[in-house]
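Q: Below is the file structure.cif, with mmCIF, C-alpha atoms and all ligand atoms.
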```
data_target
loop_
_atom_site.label_atom_id
_atom_site.label_comp_id
_atom_site.auth_asym_id
_atom_site.auth_seq_id
_atom_site.Cartn_x
_atom_site.Cartn_y
_atom_site.Cartn_z
CA MET S 152 5.85 25.75 -28.40
CA ASP S 153 9.00 25.01 -26.44
CA ILE S 154 8.75 21.51 -24.98
CA GLY S 155 11.08 19.85 -22.53
CA ILE S 156 11.17 16.07 -22.29
CA ILE S 157 12.73 14.52 -19.21
CA GLY S 158 14.12 11.31 -20.66
CA SER S 159 15.88 10.16 -23.78
CA SER S 160 14.74 6.65 -24.64
CA THR S 161 11.87 5.11 -26.65
CA VAL S 162 9.08 7.36 -25.40
CA ALA S 163 11.18 10.51 -25.35
CA GLN S 164 12.45 10.00 -28.89
CA THR S 165 9.04 8.98 -30.23
CA LEU S 166 7.22 11.94 -28.68
CA ALA S 167 10.01 14.31 -29.67
CA THR S 168 9.97 13.14 -33.30
CA LYS S 169 6.25 13.80 -33.57
CA LEU S 170 6.43 17.16 -31.80
CA LEU S 171 9.37 18.22 -33.96
CA GLU S 172 7.49 17.20 -37.12
CA LEU S 173 4.71 19.48 -35.94
CA GLY S 174 7.20 22.37 -35.75
CA HIS S 175 7.75 22.62 -32.01
CA SER S 176 11.09 23.23 -30.34
CA VAL S 177 11.95 20.13 -28.32
CA MET S 178 14.78 19.31 -25.93
CA ILE S 179 15.16 15.71 -24.80
CA SER S 180 17.41 14.96 -21.87
CA SER S 181 19.63 12.44 -20.23
CA ARG S 182 22.14 12.00 -17.44
CA ASP S 183 24.67 11.54 -20.26
CA THR S 184 23.57 12.82 -23.65
CA SER S 185 26.40 10.98 -25.45
CA LEU S 186 25.37 7.45 -24.41
CA ALA S 187 23.43 5.31 -26.91
CA LYS S 188 20.26 3.78 -25.45
CA ASP S 189 20.61 0.04 -25.03
CA ARG S 190 17.11 -1.45 -24.88
CA GLY S 191 18.16 -5.08 -24.50
CA ASP S 192 16.54 -7.38 -27.07
CA ARG S 193 14.69 -4.35 -28.50
CA GLY S 194 17.94 -2.98 -29.95
CA THR S 195 19.73 0.31 -29.52
CA LEU S 196 18.52 3.87 -29.92
CA PRO S 197 20.75 6.85 -30.69
CA SER S 198 22.08 8.88 -27.82
CA ALA S 199 20.15 12.04 -26.99
CA ALA S 200 22.85 14.12 -28.68
CA ASP S 201 22.85 12.01 -31.85
CA PHE S 202 19.05 12.00 -31.95
CA ALA S 203 18.93 15.79 -31.73
CA ALA S 204 21.69 16.22 -34.33
CA GLY S 205 19.83 13.94 -36.74
CA GLN S 206 16.63 15.92 -36.26
CA ARG S 207 18.44 19.23 -36.78
CA GLU S 208 19.77 17.90 -40.09
CA LEU S 209 16.10 17.60 -41.12
CA GLY S 210 15.66 21.28 -40.31
CA ARG S 211 13.89 20.67 -37.02
CA ARG S 212 14.35 22.56 -33.75
CA ALA S 213 15.81 19.74 -31.66
CA ALA S 214 18.24 19.84 -28.76
CA ALA S 215 19.63 17.52 -26.11
CA GLY S 216 20.58 18.54 -22.61
CA SER S 217 20.49 17.73 -18.94
CA PHE S 218 17.21 17.08 -17.16
CA ALA S 219 17.43 20.61 -15.73
CA GLN S 220 18.11 22.19 -19.12
CA ALA S 221 15.14 20.38 -20.67
CA ALA S 222 12.81 21.38 -17.85
CA ALA S 223 13.95 24.99 -18.15
CA HIS S 224 13.48 24.87 -21.94
CA GLY S 225 9.91 23.64 -21.78
CA GLU S 226 6.79 25.75 -21.58
CA ILE S 227 5.36 22.31 -20.97
CA VAL S 228 7.39 19.38 -19.67
CA VAL S 229 6.96 15.63 -20.19
CA ASN S 230 8.18 13.02 -17.72
CA ALA S 231 9.38 10.10 -19.87
CA THR S 232 11.73 8.44 -17.41
CA ALA S 233 11.71 4.95 -15.90
CA GLY S 234 9.01 5.29 -13.26
CA GLY S 235 11.12 3.87 -10.45
CA HIS S 236 13.56 6.72 -11.03
CA SER S 237 11.18 9.52 -12.04
CA LEU S 238 11.31 11.27 -8.69
CA GLU S 239 15.09 11.49 -8.72
CA ALA S 240 15.11 12.52 -12.39
CA LEU S 241 12.59 15.29 -11.67
CA GLU S 242 14.60 16.32 -8.60
CA ALA S 243 17.54 16.79 -10.95
CA ALA S 244 15.26 18.68 -13.35
CA GLY S 245 14.62 21.12 -10.53
CA ALA S 246 11.41 22.19 -8.82
CA GLU S 247 12.06 25.76 -9.92
CA ASN S 248 12.09 24.67 -13.58
CA LEU S 249 8.77 22.85 -13.19
CA ALA S 250 6.86 25.44 -11.16
CA GLY S 251 3.67 26.62 -12.81
CA LYS S 252 4.16 24.35 -15.82
CA ILE S 253 2.04 21.49 -17.09
CA LEU S 254 3.99 18.29 -16.39
CA VAL S 255 2.65 15.44 -18.50
CA ASP S 256 3.48 12.21 -16.70
CA VAL S 257 3.62 9.27 -19.12
CA ALA S 258 5.66 7.04 -16.82
CA ASN S 259 4.88 3.72 -15.19
CA ALA S 260 6.66 2.71 -12.00
CA LEU S 261 7.49 -0.84 -12.96
CA ASP S 262 9.71 -2.89 -10.67
CA PHE S 263 11.72 -5.52 -12.55
CA SER S 264 13.88 -6.42 -9.54
CA ARG S 265 12.08 -9.72 -9.00
CA GLY S 266 12.05 -10.62 -12.69
CA MET S 267 9.14 -10.83 -15.10
CA PRO S 268 6.41 -9.81 -15.04
CA PRO S 269 7.25 -6.57 -13.28
CA THR S 270 5.22 -5.39 -10.31
CA LEU S 271 4.11 -1.84 -9.55
CA LEU S 272 6.08 0.21 -7.04
CA TYR S 273 3.00 2.25 -6.11
CA CYS S 274 -0.60 1.03 -6.34
CA ASN S 275 -4.06 0.74 -4.81
CA THR S 276 -4.10 3.89 -2.67
CA ASP S 277 -1.10 5.51 -4.33
CA SER S 278 0.38 6.22 -7.75
CA LEU S 279 3.54 7.60 -9.29
CA ALA S 280 1.68 10.66 -10.55
CA GLU S 281 0.44 11.49 -7.05
CA ARG S 282 3.97 11.06 -5.70
CA ILE S 283 5.25 13.46 -8.34
CA GLN S 284 2.52 15.99 -7.58
CA ALA S 285 3.26 15.76 -3.84
CA ALA S 286 7.00 16.21 -4.42
CA PHE S 287 6.48 19.12 -6.87
CA PRO S 288 3.37 20.92 -5.63
CA ALA S 289 3.88 23.91 -7.94
CA ALA S 290 3.88 21.72 -11.06
CA ARG S 291 0.57 21.00 -12.80
CA VAL S 292 0.79 17.22 -13.16
CA VAL S 293 -1.42 15.54 -15.75
CA LYS S 294 -1.32 11.76 -16.15
CA ALA S 295 -1.76 10.80 -19.80
CA LEU S 296 -0.45 8.46 -22.48
CA ASN S 297 0.99 5.89 -20.04
CA THR S 298 -1.67 3.35 -21.11
CA ALA S 299 -0.41 2.88 -24.68
CA THR S 300 2.86 2.00 -26.35
CA ALA S 301 4.93 4.88 -27.69
CA THR S 302 4.03 4.46 -31.35
CA VAL S 303 0.34 4.46 -30.43
CA MET S 304 0.71 7.61 -28.30
CA VAL S 305 1.57 9.71 -31.34
CA ASP S 306 -0.39 7.82 -34.02
CA PRO S 307 -3.79 6.69 -32.76
CA SER S 308 -5.10 6.71 -36.35
CA GLN S 309 -3.23 3.46 -37.04
CA PHE S 310 -6.22 1.45 -35.76
CA GLY S 311 -8.64 2.86 -38.33
CA GLU S 312 -11.20 3.50 -35.58
CA ALA S 313 -11.27 5.71 -32.51
CA THR S 314 -9.69 4.19 -29.42
CA THR S 315 -9.48 5.72 -25.98
CA MET S 316 -6.96 7.87 -24.16
CA PHE S 317 -7.32 9.28 -20.66
CA VAL S 318 -6.31 12.37 -18.71
CA ALA S 319 -6.22 12.83 -14.95
CA GLY S 320 -4.93 15.69 -12.83
CA ASN S 321 -5.84 18.11 -10.09
CA ASP S 322 -5.75 21.20 -12.32
CA GLN S 323 -8.79 21.37 -14.62
CA ALA S 324 -7.20 23.88 -17.01
CA ALA S 325 -4.10 21.70 -17.32
CA ARG S 326 -6.23 18.61 -18.02
CA ASP S 327 -8.22 20.56 -20.62
CA TRP S 328 -5.04 21.72 -22.37
CA VAL S 329 -3.56 18.22 -22.50
CA ARG S 330 -6.84 16.80 -23.83
CA SER S 331 -7.68 19.43 -26.42
CA GLU S 332 -4.23 20.58 -27.59
CA LEU S 333 -1.70 17.81 -27.02
CA LEU S 334 -3.90 14.74 -27.46
CA GLU S 335 -6.72 15.79 -29.80
CA GLY S 336 -5.05 18.66 -31.63
CA TRP S 337 -1.47 17.51 -32.06
CA PHE S 338 -1.63 13.70 -31.83
CA GLY S 339 -5.12 13.16 -33.30
CA TRP S 340 -6.86 11.31 -30.47
CA ARG S 341 -10.62 11.25 -31.08
CA GLN S 342 -11.83 9.78 -27.79
CA VAL S 343 -10.19 11.31 -24.73
CA LEU S 344 -11.87 10.67 -21.40
CA ASP S 345 -11.28 13.12 -18.56
CA LEU S 346 -11.14 10.99 -15.41
CA GLY S 347 -10.90 13.87 -12.98
CA ASP S 348 -8.37 14.38 -10.23
CA LEU S 349 -5.01 12.69 -9.93
CA THR S 350 -6.25 9.78 -7.84
CA ALA S 351 -7.44 8.40 -11.20
CA ALA S 352 -3.77 7.81 -12.01
CA ARG S 353 -3.93 4.80 -9.68
CA GLY S 354 -6.15 2.92 -12.10
CA LEU S 355 -4.32 4.20 -15.16
CA GLU S 356 -1.06 2.87 -13.75
CA MET S 357 -2.63 -0.37 -12.52
CA TRP S 358 -3.68 -1.07 -16.13
CA LEU S 359 -0.07 -2.05 -16.79
CA PRO S 360 -0.23 -5.63 -15.49
CA LEU S 361 -3.16 -6.31 -17.81
CA TRP S 362 -1.48 -4.38 -20.64
CA LEU S 363 1.55 -6.66 -20.34
CA ARG S 364 -0.59 -9.81 -20.46
CA LEU S 365 -2.48 -8.45 -23.47
CA MET S 366 0.81 -7.82 -25.26
CA GLY S 367 1.70 -11.46 -24.65
CA ALA S 368 -1.71 -12.68 -25.79
CA THR S 369 -1.89 -10.53 -28.92
CA GLY S 370 1.81 -10.73 -29.79
CA THR S 371 2.02 -6.97 -30.32
CA ALA S 372 2.33 -3.77 -28.33
CA ALA S 373 0.29 -1.90 -30.94
CA PHE S 374 -3.15 -2.32 -29.39
CA ASN S 375 -5.36 -0.08 -27.32
CA LEU S 376 -8.50 0.18 -25.26
CA ARG S 377 -11.78 1.36 -26.74
CA ILE S 378 -14.42 2.31 -24.20
CA VAL S 379 -17.99 1.72 -25.37
CA THR S 380 -21.13 2.48 -23.41
CA ALA S 381 -24.64 1.14 -23.85
CA GLY S 382 -27.40 3.35 -25.18
N1 LIG S 401 8.15 2.25 -24.02
C1 LIG S 401 6.87 2.50 -24.16
O1 LIG S 401 6.29 2.29 -25.25
C2 LIG S 401 6.07 3.09 -23.01
C3 LIG S 401 4.69 3.23 -23.12
C4 LIG S 401 3.97 3.82 -22.08
C5 LIG S 401 4.64 4.28 -20.96
N2 LIG S 401 6.00 4.11 -20.87
C6 LIG S 401 6.70 4.62 -19.69
O2 LIG S 401 7.44 5.77 -20.13
C7 LIG S 401 8.66 5.86 -19.40
C8 LIG S 401 9.84 5.88 -20.37
O3 LIG S 401 9.89 4.64 -21.02
P1 LIG S 401 11.01 4.28 -22.11
O4 LIG S 401 10.66 2.96 -22.64
O5 LIG S 401 11.20 5.43 -23.02
O6 LIG S 401 12.38 4.20 -21.30
P2 LIG S 401 12.83 3.66 -19.86
O7 LIG S 401 13.97 2.75 -20.09
O8 LIG S 401 11.68 3.17 -19.07
O9 LIG S 401 13.38 5.02 -19.19
C9 LIG S 401 14.46 5.65 -19.76
C10 LIG S 401 14.73 6.95 -19.09
O10 LIG S 401 14.75 6.81 -17.65
C11 LIG S 401 15.89 7.47 -17.17
N3 LIG S 401 16.44 6.82 -15.97
C12 LIG S 401 16.65 5.50 -15.77
N4 LIG S 401 17.24 5.29 -14.58
C13 LIG S 401 17.42 6.51 -14.02
C14 LIG S 401 17.99 6.95 -12.80
N5 LIG S 401 18.52 6.11 -11.90
N6 LIG S 401 17.99 8.28 -12.55
C15 LIG S 401 17.48 9.15 -13.44
N7 LIG S 401 16.92 8.78 -14.62
C16 LIG S 401 16.90 7.48 -14.92
C17 LIG S 401 16.92 7.34 -18.28
O11 LIG S 401 17.86 8.37 -18.13
P3 LIG S 401 19.20 8.39 -19.01
O12 LIG S 401 18.79 9.03 -20.29
O13 LIG S 401 20.11 9.23 -18.22
O14 LIG S 401 19.65 6.98 -19.18
C18 LIG S 401 16.09 7.46 -19.53
O15 LIG S 401 15.99 8.80 -19.95
C19 LIG S 401 8.67 4.66 -18.43
O16 LIG S 401 8.17 5.07 -17.21
C20 LIG S 401 7.72 3.68 -19.10
O17 LIG S 401 7.13 2.80 -18.16
C21 LIG S 401 6.72 3.52 -21.86
#
```
I need this file expressed as structure tokens, please.
A:
Amino acid sequence: MDIGIIGSSTVAQTLATKLLELGHSVMISSRDTSLAKDRGDRGTLPSAADFAAGQRELGRRAAAGSFAQAAAHGEIVVNATAGGHSLEALEAAGAENLAGKILVDVANALDFSRGMPPTLLYCNTDSLAERIQAAFPAARVVKALNTATATVMVDPSQFGEATTMFVAGNDQAARDWVRSELLEGWFGWRQVLDLGDLTAARGLEMWLPLWLRLMGATGTAAFNLRIVTAG
């Protein structure tokens, strides 16, 4: 499939690498495709253009472009931008390029302006995913993958046991596609829970404060939830 990723950093490059390995045509995107991605004490990632060139050298169908070019390229589109800026990034992507398409929202609207730990820009009775759906009513927004670190998103088998991923969205067919094709089929998730409409994104996004504490307590980002029920 043709996949457009809005964003160019850790999540965008990790998802793109996996999707390209699987044979898809992927365009990642940036406000400036020539700028390397400085991730502070986590090092530097290649620019979107260098990432795509490196992937093409491996024979893969990779490209880098503007947010609008990536959204136009995608039969499905992924929002992998900093959550506090997702609405402006998607505005630049263009409502017309998102209309009718599944928009997988992996973002978290973390506010670092008052230092660490970050707070959530939207919570309790609101969520980033709902804001995106309200701003782009013709897009089919599905919240997924925001609850795990990037390397876990695309390689859930690393735990040696099934752990849990979630989908939420107002469009049942879009949720079903993300669950069965993207998550189970392409990425290998074995326990995907459908949480229903997009109000479930509130809880999925409010998991982040606990996720951050768990990263501190375990000393790694490579962990995940496993939901078990009695009986
Ligand atoms: N890192 C993880 O493992 C992980 C796991 C789960 C969820 N998430 C969520 O996934 C999203 C992406 O995370 P990330 O770590 O890959 O990178 P990030 O640093 O959170 O976001 C990078 C992207 O946001 C865009 N961006 C930043 N400010 C912008 C602005 N003012 N206007 C438009 N776009 C802007 C950047 O565009 P440019 O390319 O133009 O700079 C870049 O593509 C975030 O919402 C994050 O919370 C991350």
Q: Taking all atoms listed in the file into account, which of S:Phe287, S:Trp337, S:Trp362, S:Phe310 comes nearest Pro269 in chain S?
A: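 For Pro269 in chain S, the nearest of the candidates is S:Trp362.
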Q: Could you list, as a list in words, every residue within 9 Å of Leu334 in chain S, counting only C-alpha atoms and ignoring same-chain residues fewer than 6 positions away?
A: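 Near neighbours after the sequence-gap exclusion: Ala295, Leu296, Met304, Val305, Met316, Trp328, Trp340, Arg341 and Val343 of chain S.
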Q: List all protein, DNA and RNA residues that have an atom no more than 8 Å from any atom of ligand LIG 401 (chain S), counting only C-alpha atoms and all ligand atoms, and report them as a ChimeraX atom specification.
A: /S:157-164,180-184,186,188,190,199,230-237,239-240,257-261,296-302,304,372
Q: Which distance in Å separates CA of His175 in chain S and CA of Met152 in chain S, to one decimal?
A: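 Computed distance, CA of His175 in chain S to CA of Met152 in chain S, equals 5.1 Å.
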Q: Could you please determine the separation between CA of Asp262 in chain S and CA of Gly216 in chain S in Å, to one decimal place?
A: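 Interatomic distance here is 26.8 Å.
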Q: Find, counting all atoms listed in the file, the residue in S:Leu355, S:Leu241, S:Ala290, S:Val303 that gets nearest to Ala319 in chain S.
A: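 The closest residue to Ala319 in chain S is S:Leu355.
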